[in-house]
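Trainee: Data: query.tsv, TSV, C-alpha atoms.
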chain	number	residue	atom	x	y	z
A	1	MET	CA	125.12	147.54	44.78
A	2	SER	CA	123.11	149.77	42.47
A	3	LYS	CA	120.44	152.15	43.71
A	4	ASP	CA	117.58	149.70	43.28
A	5	LEU	CA	115.93	149.99	46.69
A	6	VAL	CA	114.80	152.48	49.33
A	7	VAL	CA	115.86	152.31	52.97
A	8	ILE	CA	113.09	152.95	55.51
A	9	LEU	CA	114.10	153.51	59.13
A	10	THR	CA	111.97	153.81	62.27
A	11	ALA	CA	112.76	154.54	65.91
A	12	LEU	CA	110.02	152.52	67.63
A	13	ASN	CA	108.94	148.93	67.15
A	14	LEU	CA	105.34	150.13	66.70
A	15	GLU	CA	106.50	152.20	63.71
A	16	TYR	CA	108.63	149.32	62.39
A	17	GLN	CA	105.67	146.94	62.43
A	18	ALA	CA	103.49	149.49	60.60
A	19	VAL	CA	105.99	149.55	57.72
A	20	ARG	CA	106.65	145.81	57.83
A	21	ARG	CA	102.96	145.08	57.28
A	22	LYS	CA	103.33	146.85	53.92
A	23	LEU	CA	106.07	144.48	52.75
A	24	ALA	CA	105.90	141.12	51.01
A	25	GLY	CA	108.46	138.40	51.70
A	26	PRO	CA	110.76	140.29	54.10
A	27	GLN	CA	114.09	138.51	54.56
A	28	VAL	CA	116.61	139.21	57.32
A	29	HIS	CA	119.80	140.95	56.20
A	30	HIS	CA	122.68	140.99	58.70
A	31	HIS	CA	125.16	143.85	58.80
A	32	GLU	CA	128.65	142.72	59.76
A	33	ARG	CA	128.45	144.82	62.96
A	34	GLY	CA	125.28	143.13	64.14
A	35	THR	CA	122.55	145.45	62.89
A	36	ARG	CA	119.58	143.54	61.48
A	37	PHE	CA	117.61	144.79	58.52
A	38	GLU	CA	114.74	143.17	56.66
A	39	VAL	CA	114.56	143.43	52.89
A	40	GLY	CA	111.25	142.90	51.09
A	41	THR	CA	109.07	144.39	48.38
A	42	VAL	CA	106.13	146.71	48.83
A	43	GLN	CA	103.05	144.53	48.40
A	44	GLY	CA	101.81	144.36	44.82
A	45	THR	CA	104.92	146.05	43.40
A	46	SER	CA	108.55	145.31	42.56
A	47	CYS	CA	109.79	148.13	44.82
A	48	ARG	CA	112.47	146.80	47.18
A	49	VAL	CA	112.70	148.19	50.72
A	50	ALA	CA	115.36	147.67	53.38
A	51	LEU	CA	113.73	148.22	56.77
A	52	GLY	CA	115.71	148.99	59.92
A	53	LEU	CA	115.17	150.03	63.56
A	54	THR	CA	117.32	152.87	64.99
A	55	ASN	CA	115.87	153.22	68.52
A	56	LYS	CA	115.28	156.66	70.08
A	57	GLY	CA	117.52	159.69	69.68
A	58	ASN	CA	119.40	161.57	66.98
A	59	HIS	CA	122.75	159.93	67.73
A	60	SER	CA	121.52	156.36	67.38
A	61	ALA	CA	119.50	157.32	64.28
A	62	ALA	CA	122.57	158.88	62.65
A	63	VAL	CA	124.72	155.78	63.20
A	64	ILE	CA	122.15	153.32	61.87
A	65	ALA	CA	121.26	155.57	58.94
A	66	GLU	CA	124.94	155.85	57.96
A	67	ARG	CA	125.29	152.07	58.29
A	68	ALA	CA	122.23	151.47	56.08
A	69	ILE	CA	123.46	153.89	53.42
A	70	GLN	CA	126.85	152.23	53.22
A	71	GLU	CA	125.33	148.74	53.18
A	72	PHE	CA	122.62	149.27	50.54
A	73	SER	CA	123.54	152.40	48.52
A	74	PRO	CA	119.82	153.24	48.42
A	75	ALA	CA	117.97	155.53	46.06
A	76	ALA	CA	116.73	157.35	49.18
A	77	VAL	CA	116.39	157.04	52.95
A	78	LEU	CA	112.95	157.60	54.47
A	79	PHE	CA	112.64	158.07	58.22
A	80	VAL	CA	109.11	157.12	59.23
A	81	GLY	CA	107.17	157.24	62.47
A	82	VAL	CA	105.14	159.42	64.83
A	83	ALA	CA	105.65	162.93	66.19
A	84	GLY	CA	103.98	165.57	68.32
A	85	ALA	CA	102.28	168.57	66.74
A	86	LEU	CA	103.44	172.02	67.85
A	87	TRP	CA	100.44	173.84	66.39
A	88	ASP	CA	96.87	173.10	65.38
A	89	THR	CA	97.77	173.14	61.67
A	90	ALA	CA	98.36	169.39	61.66
A	91	ARG	CA	95.56	167.34	63.14
A	92	LEU	CA	95.89	164.00	64.88
A	93	GLY	CA	96.46	161.29	62.28
A	94	ASP	CA	97.76	163.68	59.63
A	95	VAL	CA	101.16	163.08	58.02
A	96	VAL	CA	103.89	165.73	58.11
A	97	MET	CA	106.55	165.62	55.41
A	98	ALA	CA	109.54	167.74	56.40
A	99	THR	CA	110.49	170.54	54.02
A	100	HIS	CA	113.46	171.06	56.31
A	101	VAL	CA	114.72	169.79	59.66
A	102	TYR	CA	115.95	171.84	62.62
A	103	ALA	CA	118.39	170.47	65.19
A	104	TYR	CA	117.01	172.90	67.76
A	105	HIS	CA	119.32	172.08	70.67
A	106	GLY	CA	122.14	174.07	69.13
A	107	GLY	CA	122.45	177.36	71.02
A	108	THR	CA	124.45	179.67	73.23
A	109	SER	CA	123.61	180.55	76.83
A	110	GLU	CA	124.09	184.25	77.59
A	111	ASP	CA	123.17	186.61	80.42
A	112	ASP	CA	119.96	187.64	78.73
A	113	GLY	CA	118.89	184.09	77.90
A	114	LEU	CA	119.39	181.14	75.58
A	115	LYS	CA	120.05	182.13	71.96
A	116	ALA	CA	119.16	179.70	69.17
A	117	ARG	CA	121.94	178.40	66.93
A	118	PRO	CA	120.24	175.59	65.03
A	119	ARG	CA	121.56	173.40	62.28
A	120	GLY	CA	119.19	172.84	59.42
A	121	TRP	CA	118.79	170.50	56.43
A	122	GLU	CA	116.41	170.94	53.51
A	123	ALA	CA	114.56	168.05	51.92
A	124	PRO	CA	115.81	167.09	48.41
A	125	HIS	CA	113.91	168.99	45.73
A	126	GLY	CA	112.97	165.94	43.65
A	127	ILE	CA	111.54	164.02	46.61
A	128	SER	CA	109.62	167.09	47.80
A	129	GLN	CA	108.11	167.56	44.36
A	130	LEU	CA	107.05	163.93	44.13
A	131	ALA	CA	105.60	163.96	47.65
A	132	ALA	CA	103.60	167.10	46.85
A	133	HIS	CA	102.23	165.39	43.75
A	134	LEU	CA	101.16	162.33	45.76
A	135	ALA	CA	99.50	164.59	48.31
A	136	ARG	CA	97.51	166.28	45.54
A	137	VAL	CA	96.46	162.96	44.01
A	138	ASN	CA	95.50	161.89	47.54
A	139	ASP	CA	94.98	158.17	46.93
A	140	TRP	CA	97.74	156.87	49.19
A	141	ALA	CA	95.85	156.38	52.47
A	142	ASP	CA	94.57	152.99	53.57
A	143	ASP	CA	90.84	152.53	53.91
A	144	ALA	CA	90.05	152.78	57.59
A	145	PRO	CA	86.33	152.26	58.34
A	146	GLY	CA	85.24	153.98	61.51
A	147	HIS	CA	88.30	156.22	61.66
A	148	GLY	CA	86.49	159.33	60.43
A	149	ARG	CA	88.08	161.74	57.97
A	150	ALA	CA	90.97	160.71	55.75
A	151	PRO	CA	94.44	161.87	56.85
A	152	GLN	CA	96.05	164.78	55.02
A	153	VAL	CA	99.70	165.42	54.16
A	154	ARG	CA	101.18	168.63	55.57
A	155	PHE	CA	104.48	170.13	54.45
A	156	GLY	CA	106.64	172.16	56.81
A	157	ALA	CA	109.60	172.17	59.17
A	158	ILE	CA	110.20	169.47	61.79
A	159	ALA	CA	112.16	170.21	64.96
A	160	ALA	CA	114.40	167.44	66.28
A	161	GLY	CA	115.89	167.57	69.76
A	162	GLU	CA	117.28	165.32	72.45
A	163	VAL	CA	114.45	165.24	74.99
A	164	VAL	CA	110.80	164.21	74.91
A	165	GLN	CA	108.62	167.33	74.68
A	166	ASN	CA	105.34	166.92	76.55
A	167	SER	CA	104.34	170.43	77.59
A	168	LYS	CA	103.04	173.70	76.21
A	169	ILE	CA	103.89	175.79	79.25
A	170	SER	CA	107.41	174.74	80.30
A	171	ALA	CA	110.25	177.21	79.67
A	172	GLU	CA	111.75	174.99	76.98
A	173	ALA	CA	108.38	174.43	75.28
A	174	GLN	CA	107.76	178.17	75.11
A	175	TRP	CA	111.32	178.79	73.87
A	176	ILE	CA	110.89	176.22	71.06
A	177	ARG	CA	107.58	177.68	69.93
A	178	GLN	CA	109.10	181.17	69.98
A	179	HIS	CA	112.25	180.39	68.00
A	180	TYR	CA	110.85	177.65	65.74
A	181	ASN	CA	107.35	178.90	65.15
A	182	ASP	CA	107.31	177.54	61.59
A	183	ALA	CA	107.88	173.94	62.77
A	184	LEU	CA	104.76	171.79	62.48
A	185	ALA	CA	106.03	168.84	64.51
A	186	ILE	CA	108.67	167.88	67.06
A	187	GLU	CA	110.56	164.61	67.55
A	188	MET	CA	113.99	163.14	68.37
A	189	GLU	CA	115.61	161.47	65.32
A	190	ALA	CA	115.24	163.52	62.13
A	191	ALA	CA	118.39	165.61	62.65
A	192	GLY	CA	120.58	162.52	62.98
A	193	VAL	CA	119.22	160.91	59.84
A	194	ALA	CA	119.45	164.17	57.89
A	195	GLN	CA	123.09	164.60	58.92
A	196	ALA	CA	123.92	161.02	57.88
A	197	GLY	CA	122.32	161.61	54.49
A	198	HIS	CA	124.18	164.90	54.09
A	199	LEU	CA	127.57	163.32	54.80
A	200	SER	CA	126.88	160.27	52.60
A	201	GLY	CA	125.22	162.06	49.69
A	202	ALA	CA	121.99	160.09	50.08
A	203	PRO	CA	118.60	161.83	49.68
A	204	VAL	CA	116.66	161.81	52.96
A	205	ALA	CA	112.95	162.39	53.60
A	206	ILE	CA	111.34	162.63	57.04
A	207	ILE	CA	107.73	161.43	57.23
A	208	ARG	CA	105.85	161.65	60.53
A	209	GLY	CA	102.31	160.81	61.57
A	210	ILE	CA	100.87	163.13	64.22
A	211	SER	CA	100.02	161.08	67.32
A	212	ASP	CA	99.83	163.81	70.00
A	213	ARG	CA	100.15	167.56	70.55
A	214	ALA	CA	103.24	167.64	72.82
A	215	ASP	CA	100.98	169.20	75.43
A	216	GLY	CA	101.13	166.90	78.44
A	217	THR	CA	98.84	164.19	77.06
A	218	LYS	CA	101.53	161.70	76.03
A	219	ASN	CA	100.94	158.23	77.44
A	220	SER	CA	97.24	158.95	77.90
A	221	ALA	CA	94.57	156.62	76.60
A	222	LYS	CA	94.00	159.02	73.70
A	223	ASP	CA	97.69	158.96	72.82
A	224	ARG	CA	97.77	155.15	72.91
A	225	ASN	CA	94.81	155.13	70.53
A	226	TRP	CA	96.33	157.57	68.07
A	227	GLN	CA	99.90	156.23	67.99
A	228	PRO	CA	99.20	153.11	65.88
A	229	ARG	CA	96.91	155.06	63.55
A	230	ALA	CA	99.47	157.81	63.04
A	231	ALA	CA	102.24	155.23	62.48
A	232	ALA	CA	100.08	153.38	59.94
A	233	ASN	CA	99.34	156.60	58.04
A	234	ALA	CA	103.02	157.53	57.91
A	235	ALA	CA	103.90	154.00	56.70
A	236	ALA	CA	101.22	154.15	53.99
A	237	PHE	CA	102.50	157.46	52.60
A	238	ALA	CA	106.16	156.44	52.89
A	239	THR	CA	105.78	153.13	51.07
A	240	ARG	CA	103.77	154.80	48.30
A	241	LEU	CA	106.51	157.43	48.00
A	242	ALA	CA	109.15	154.67	47.81
A	243	VAL	CA	107.28	152.93	44.97
A	244	GLU	CA	106.98	156.16	43.00
A	245	LEU	CA	110.62	157.09	43.60
A	246	LEU	CA	111.95	153.83	42.18
A	247	GLY	CA	109.40	153.99	39.35
A	248	GLU	CA	110.73	157.39	38.32
A	249	GLN	CA	114.32	156.15	38.49
A	250	GLU	CA	113.39	153.19	36.32
A	251	GLN	CA	111.85	155.48	33.71
A	252	ILE	CA	114.92	157.72	33.75
A	253	ALA	CA	117.23	154.71	33.31
A	254	MET	CA	115.16	153.42	30.38
A	255	SER	CA	115.15	156.85	28.76
A	256	ARG	CA	118.91	157.09	29.04
A	257	ALA	CA	119.30	153.59	27.62
A	258	GLU	CA	117.09	154.45	24.66
A	259	LYS	CA	119.08	157.61	24.00
A	260	ALA	CA	122.32	155.64	24.18
A	261	GLN	CA	120.96	153.09	21.71
A	262	SER	CA	119.73	155.81	19.39
A	263	ALA	CA	123.17	157.39	19.40
A	264	ASP	CA	124.70	154.09	18.26
A	265	ARG	CA	122.22	153.53	15.42
A	266	PRO	CA	122.80	154.73	11.85
A	267	ALA	CA	120.88	157.86	10.94
A	268	GLU	CA	118.97	155.98	8.23
A	269	ARG	CA	117.37	152.56	8.19
A	270	VAL	CA	116.48	150.34	5.26
A	271	SER	CA	113.73	147.75	5.56
A	272	ASN	CA	113.09	145.19	2.81
A	273	THR	CA	110.26	142.67	2.90
A	274	VAL	CA	110.07	140.10	0.11
A	275	HIS	CA	108.43	136.75	-0.31
A	276	ASN	CA	109.78	133.77	-2.32
A	277	SER	CA	112.59	135.93	-3.70
A	278	THR	CA	116.33	136.29	-3.48
A	279	VAL	CA	117.57	139.10	-1.26
A	280	GLY	CA	121.03	140.59	-1.41
A	281	ILE	CA	122.31	142.77	1.45
A	282	MET	CA	125.31	145.03	1.07
A	283	ALA	CA	126.39	146.89	4.19
A	284	GLY	CA	129.46	147.92	6.10
A	285	SER	CA	127.89	146.44	9.24
A	286	VAL	CA	124.59	145.03	10.36
A	287	LYS	CA	123.63	145.32	14.04
A	288	ASP	CA	120.60	144.23	16.05
A	289	SER	CA	118.83	142.90	12.94
A	290	ASN	CA	116.92	139.77	12.02
A	291	VAL	CA	116.54	138.21	8.55
A	292	HIS	CA	113.67	135.75	8.08
A	293	LEU	CA	113.70	133.67	4.89
A	294	ASN	CA	110.47	131.98	3.72
A	295	THR	CA	109.18	131.94	7.32
A	296	THR	CA	107.86	134.13	10.08
A	297	PRO	CA	109.68	135.23	13.23
A	298	LEU	CA	109.64	132.76	16.07
A	299	ALA	CA	106.68	133.25	18.36
A	300	ALA	CA	107.39	134.41	21.86
A	301	GLY	CA	106.89	131.76	24.52
A	302	PRO	CA	108.42	130.22	27.65
A	303	THR	CA	111.01	128.20	25.71
A	304	GLY	CA	112.06	131.20	23.66
A	305	LEU	CA	112.24	133.43	26.74
A	306	VAL	CA	114.36	130.93	28.66
A	307	ALA	CA	116.73	130.73	25.69
A	308	GLU	CA	117.00	134.53	25.59
A	309	LEU	CA	117.66	134.63	29.33
A	310	ASN	CA	120.45	132.09	28.86
A	311	GLY	CA	121.91	134.36	26.20
A	312	PHE	CA	121.65	137.36	28.50
A	313	ARG	CA	123.82	135.49	31.01
A	314	GLU	CA	126.72	135.69	28.55
A	315	HIS	CA	126.18	139.43	28.14
A	316	LEU	CA	126.31	139.86	31.92
A	317	LYS	CA	129.53	137.88	32.04
A	318	HIS	CA	131.04	140.04	29.30
A	319	HIS	CA	130.21	143.28	31.13
A	320	HIS	CA	131.63	141.85	34.36
A	321	VAL	CA	134.89	140.85	32.65
A	322	GLU	CA	135.10	144.32	31.09
A	323	GLY	CA	134.70	145.93	34.51
A	324	ALA	CA	131.29	147.49	33.89
A	325	LEU	CA	129.75	145.39	36.71
A	326	ASP	CA	131.46	144.93	40.07
A	327	ASP	CA	131.62	141.52	41.75
A	328	ASP	CA	128.70	142.11	44.16
A	329	THR	CA	126.40	143.45	41.45
A	330	TYR	CA	127.36	140.58	39.12
A	331	ARG	CA	126.55	137.94	41.77
A	332	GLU	CA	123.21	139.60	42.59
A	333	ALA	CA	122.39	139.88	38.89
A	334	LEU	CA	123.16	136.20	38.26
A	335	ALA	CA	120.91	135.21	41.19
A	336	ASP	CA	118.01	137.29	39.84
A	337	LEU	CA	118.59	135.96	36.33
A	338	GLU	CA	118.49	132.34	37.53
A	339	SER	CA	115.29	133.07	39.47
A	340	ALA	CA	113.70	134.60	36.36
A	341	ARG	CA	114.78	131.62	34.25
A	342	ARG	CA	113.18	129.15	36.67
A	343	THR	CA	109.86	131.01	36.91
A	344	ALA	CA	109.71	131.59	33.14
A	345	SER	CA	109.94	127.85	32.52
A	346	GLU	CA	106.83	127.23	34.69
A	347	ASN	CA	104.57	128.85	32.06
A	348	THR	CA	101.70	130.03	34.29
A	349	LEU	CA	100.01	133.39	34.78
A	350	ASP	CA	101.59	133.76	38.22
A	351	SER	CA	105.02	132.74	36.95
A	352	SER	CA	104.76	135.39	34.23
A	353	ARG	CA	104.13	138.04	36.88
A	354	ARG	CA	106.99	136.81	39.06
A	355	THR	CA	109.34	136.65	36.08
A	356	THR	CA	108.52	140.23	35.15
A	357	MET	CA	109.08	141.47	38.72
A	358	THR	CA	112.43	139.69	38.95
A	359	LEU	CA	113.58	141.12	35.62
A	360	LYS	CA	112.60	144.60	36.81
A	361	ARG	CA	114.76	144.13	39.91
A	362	LEU	CA	117.57	142.94	37.67
A	363	ARG	CA	117.18	146.05	35.52
A	364	GLY	CA	117.67	148.16	38.65
A	365	LEU	CA	120.89	146.30	39.46
A	366	VAL	CA	122.44	146.98	36.03
A	367	ALA	CA	121.04	150.51	35.68
A	368	ASP	CA	124.56	151.86	35.01
A	369	CYS	CA	124.86	149.73	31.83
A	370	PRO	CA	122.48	151.18	29.19
A	371	VAL	CA	122.99	148.27	26.78
A	372	LEU	CA	121.92	145.73	29.40
A	373	VAL	CA	118.96	147.90	30.46
A	374	ALA	CA	117.76	148.04	26.85
A	375	GLU	CA	118.04	144.25	26.50
A	376	LEU	CA	116.07	143.77	29.70
A	377	ALA	CA	113.31	146.07	28.46
A	378	HIS	CA	112.79	143.59	25.62
A	379	LEU	CA	112.92	140.60	27.98
A	380	ILE	CA	110.41	142.22	30.36
A	381	THR	CA	108.01	142.70	27.46
A	382	ALA	CA	108.48	139.06	26.47
A	383	GLY	CA	107.97	137.97	30.09
A	384	ARG	CA	104.58	139.63	30.20
Starting from the coordinates I provided, produce the structure as C-alpha cells.

Mentor:
Amino acid sequence: MSKDLVVILTALNLEYQAVRRKLAGPQVHHHERGTRFEVGTVQGTSCRVALGLTNKGNHSAAVIAERAIQEFSPAAVLFVGVAGALWDTARLGDVVMATHVYAYHGGTSEDDGLKARPRGWEAPHGISQLAAHLARVNDWADDAPGHGRAPQVRFGAIAAGEVVQNSKISAEAQWIRQHYNDALAIEMEAAGVAQAGHLSGAPVAIIRGISDRADGTKNSAKDRNWQPRAAANAAAFATRLAVELLGEQEQIAMSRAEKAQSADRPAERVSNTVHNSTVGIMAGSVKDSNVHLNTTPLAAGPTGLVAELNGFREHLKHHHVEGALDDDTYREALADLESARRTASENTLDSSRRTTMTLKRLRGLVADCPVLVAELAHLITAGR
C-alpha cells in the first residue's frame, strides 16, 4: 500500500476517543493477529487516518506501532495522548511536541549511585519543521468556551519510562529531574513507538497534552478535569499535523509528476488554430494532443467525466500488468475508481465533492506512478 495515510496511536481509551471524534466514517480494519484499527478521514478533508490503541507501556506500544507500520506503510506515525509536566514551562492543557525522546530507564548501578545510560531518538526534521510552522500559525486549537486561554505548543524532550511518575520528592523523581532536566514531560510509551519507527524506517512524532504535573496530584479531581481537555488538545494538533503532512506529500508527488511529464515533452510546441480551413500536420509523433475540426472541445460534465474515468481504468490495468502497481494497490485503486465513477454520475454538488475526495485518495495510492498522478490531476479538476 502506498503512503497515503497517517497512523495515529494512543495508549488510553480516553485519548483514542479524542482522536476518533476528529474522524469521519471510521471503519474497522482487522489485523491478522487480532489487533483492531479504525480507518477514517479527518473531518472536512481527504486525509486518511488509521487509529489504534496500544495500551500502557513502552513494550506494548512498540509492538502495536510495528504492527501498524507493516500493515499500512504510513506516511508517518503520530503517538498522541496525555503526559505529566516535569517543569512549569508547559502549563496544564498545553501540547508538547517531542524534539527528541529519552528512554530514561537505561542505566548502570554503581557504588556511588545510579548512572544514566539513556537511549534517545530525535524527531524527523521535516515533521518538526511543519509542526513549528503550525504552532506559529496557531489556528489548530478547537474553540472551547469557558476553558480560558488557548493552549500553546511547546517543543522539547519527552522522557519515557516504565513506571507512573507521581512525585516531585521521591528519589527517582529527583534523579529524573537531575539527569533529564531538559525534558518537558514524562510518560510511558514514546520510547517504544520511537524504536519501532527507527527499526521500520517510518517517521514518528510524539504529541502529548499536559494533564498533570507528576507531583502527587494524579487521580485528583483536578487531574480528572484536565485529562479530557489535554487529550482533546493533543488530538486537535495531531490531526491538523496529519492533514498538512499528507497535503505536502501530495504537492511533492504532483511536482514530480509534472517534472516527469515535462521531461517527456518536446522542447518546442507548435499550436495552430484555423477556422473553415484545411490543416495538414507533419510530425514524427504526436502525443497528448487534441485536434478539433469545425467544432469546439467537448464541454466537461458528468457524462464526460465518467467516460474519462472508464478510460483511466484501462491505464491502471496496463500499469498493473507492467508491474508498476502491486496487486494490493491495484485492487484498492480499482475500488476507489469505481466509487468515484458512481458518485460522478449522480451530478450533484455533494457528489462532486465526494468524487474529488475519492480521486485524491486514489492519487495517493498511485503516487509512485507519475503518469497516473498527472492524469488524476486532470480528472480532479474535471470533478470539481

Trainee: Could you pull the residues within 6 Å of Glu15 (chain A), counting all atoms listed in the file, minus those fewer than 5 positions along the same chain, as a list in words?

Mentor: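 Neighbouring residues, sequence-local ones excluded: Thr10, Gly81 and Ala231 of chain A.
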
Trainee: Name all residues at most 8 Å from Gln43 (chain A) (count all atoms listed in the file; drop same-chain ones fewer than 2 positions away) and give them as a list in words.

Mentor: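 Near neighbours after the sequence-gap exclusion: Lys22, Leu23, Ala24, Thr41 and Thr45 of chain A.
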
Trainee: Please indicate the distance in Å from CA of Val163 (chain A) to CA of Met188 (chain A), rounded to one decimal place.

Mentor: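 Straight-line distance from CA of Val163 (chain A) to CA of Met188 (chain A) works out to 7.0 Å.
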
Trainee: Using all atoms listed in the file, find the one residue out of A:Asp336, A:Glu308, A:Glu71, A:Glu172 that sits nearest to Leu114 (chain A).

Mentor: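 Looking at the shortest contact to Leu114 (chain A), the residue is A:Glu172.
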
Trainee: Could you tell me which of A:His31, A:His198, A:Arg331, A:Arg341 comes closest to Arg354 (chain A) if we count all atoms listed in the file?

Mentor: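 Of A:His31, A:His198, A:Arg331, A:Arg341, the one nearest Arg354 (chain A) is A:Arg341, counting all atoms listed in the file.
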
Trainee: If we count only C-alpha atoms and set the cut-off at 6 Å, which residues sit around Gly209 (chain A), ignoring sequence neighbours fewer than 6 positions away in its own chain? Please answer as a VMD selection string.

Mentor: chain A and resid 82 93 to 95 230 to 231 234

Trainee: Enter the distance from CA of Asp327 (chain A) to CA of Glu66 (chain A), in Å, rounded to one decimal.

Mentor: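 Distance between the two atoms: 22.6 Å.
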
Trainee: CA of Asp215 (chain A) to CA of Ala116 (chain A): how many Å, to one decimal?

Mentor: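 Interatomic distance, CA of Asp215 (chain A) to CA of Ala116 (chain A): 21.9 Å.
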
Trainee: Taking all atoms listed in the file into account, name the residue in A:Leu359, A:Val77, A:Leu5, A:Leu53 that is nearest to Ser200 (chain A).

Mentor: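 Closest candidate: A:Val77.
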
Trainee: Quick one: residues within 9 Å of region 135-141 of chain A, only C-alpha atoms, excluding same-chain residues fewer than 6 positions away - as a list in words?

Mentor: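 Everything that qualifies: Ala150, Pro151, Gln152, Val153, Arg154, Asn233, Ala236, Phe237, Arg240 and Leu241 of chain A.
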
Trainee: Counting only C-alpha atoms, which residue out of A:Ser73, A:Ser211, A:Ser109, A:Ser220 sits closest to Ala185 (chain A)?

Mentor: A:Ser211

Trainee: Hey, which of A:Ala65, A:Leu134, A:Ile206, A:Leu51 ends up closest to Ala83 (chain A)? Count only C-alpha atoms.

Mentor: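 Between A:Ala65, A:Leu134, A:Ile206, A:Leu51, the residue approaching Ala83 (chain A) most closely is A:Ile206.
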